[in-house]
Amino acid sequence: MATGLIALLDDVAAIAKLAAASLDDVAAQTAKATTKAAGIVIDDAAVTPRYVVGLSPARELPIIGRIALGSLKNKLVFLLPAALLLGYFAPWVITPLLMVGGIYLCYEGAEKLYAVFFPHAAHGHEKEVLGVKTDPVALENQKVSGAVRTDFILSAEIMALTLADISQTSIYMQGFVLAAVGILITLAVYGFVALIVKADDVGIAMANTSSSIARVAGRGLVYGMPIFLKLLAAVGTAAMLWVGGSILVHGMAELGYAGPEHVIHDASATVVTALGFAPAIVGWFAKSAMQAAIAILIGAIALVAMGNVVAPVWKLVRARSQKIQR
């Protein structure tokens, strides 16, 4: 009896060790995948605060909560099962699909750069909701719907990046890691967005206190937040270009076109040798800058194609569709 109990305890201990090892693997894979999705995460955090602009301050946090729930639904209900099915039945699709997402990131980054140097009307999902300002409920619903649609695109890219990084693991590991990445990134992004949105209110409250230190800090928070948002947007754009370029370069290498990857590697090694200090940091910056340059080129081509091919065709299709409905 005692021997059987000891054997049972040994089995339980072995299972516990196996579970702990599995959790460690999930945590390690999650951290690695989250790091690779940094560019998209930063851009998501930079874009989302504008969806509460012009709305009642009392509705800011509820709106962010609704968007966060929509984001979780995008990731866990729609994208996670689709990613698992692709990974199991058609793993060869992952790299081309990821490269399509990379082109989208290049396009977004190039469009943001173009908007800085040549201000123009916002495109697609960046357009503000017009014509419903007299109805706060309708305005809020449209803002939330627009944010969730934009989030779906960014979430799809995050899940694709994650899946590509863990494609050699079991389907169970893929499911756990995709779910963990989806939940952690959603909580991090929208928690951070909530802090950004409410920073002005905190600053105003601090500025009205009796403490001189708190008043100075409060004014600094109020005046510094717009600068911080601009800096965050700039970092997000740079990160999108870097991630988009790296996805395309790595994807081409996996498809048998490794020339760009070899050129970037050799060029970054030359830069490190020429400068002669902090090789890891200098090498990373040189490599990232060249990947971003490729992303700007690809993004510019995509931008021209969108303006001269895709947009006119889409406009024609919509016009004919409306004509048929009438």
# chains A, B, ... in the order shown; residues from 1 in each chain; ligands from 1

call {"tool": "residues_around", "arguments": {"residues": "A:Ala292", "least_positions_apart": "6", "cutoff": "8 Å", "atoms": "only C-alpha atoms", "output": "ChimeraX atom specification"}}
result
/A:238,241-246

call {"tool": "select_by_dssp", "arguments": {"residues": "stretch 100-259 of chain A", "states": "helix (DSSP H, G or I)", "output": "NGL selection string"}}
result
:A and (100-117 or 124-126 or 136-165 or 171-207 or 212-254 or 259)

call {"tool": "residues_around", "arguments": {"residues": "A:Asp151", "least_positions_apart": "4", "cutoff": "10 Å", "atoms": "only C-alpha atoms", "output": "list in words"}}
result
Asp44, Val47, Thr48, Ile67, Ala68, Gly70, Ser71, Leu72, Asn74, Lys75, Ser145, Gly146, Ala147, Ser155, Ala156, Glu157 and Thr186 of chain A

call {"tool": "closest_residue", "arguments": {"among": "A:Tyr104, A:Tyr172, A:Tyr88, A:Tyr257", "to": "A:Ile153", "atoms": "only C-alpha atoms"}}
result
A:Tyr104
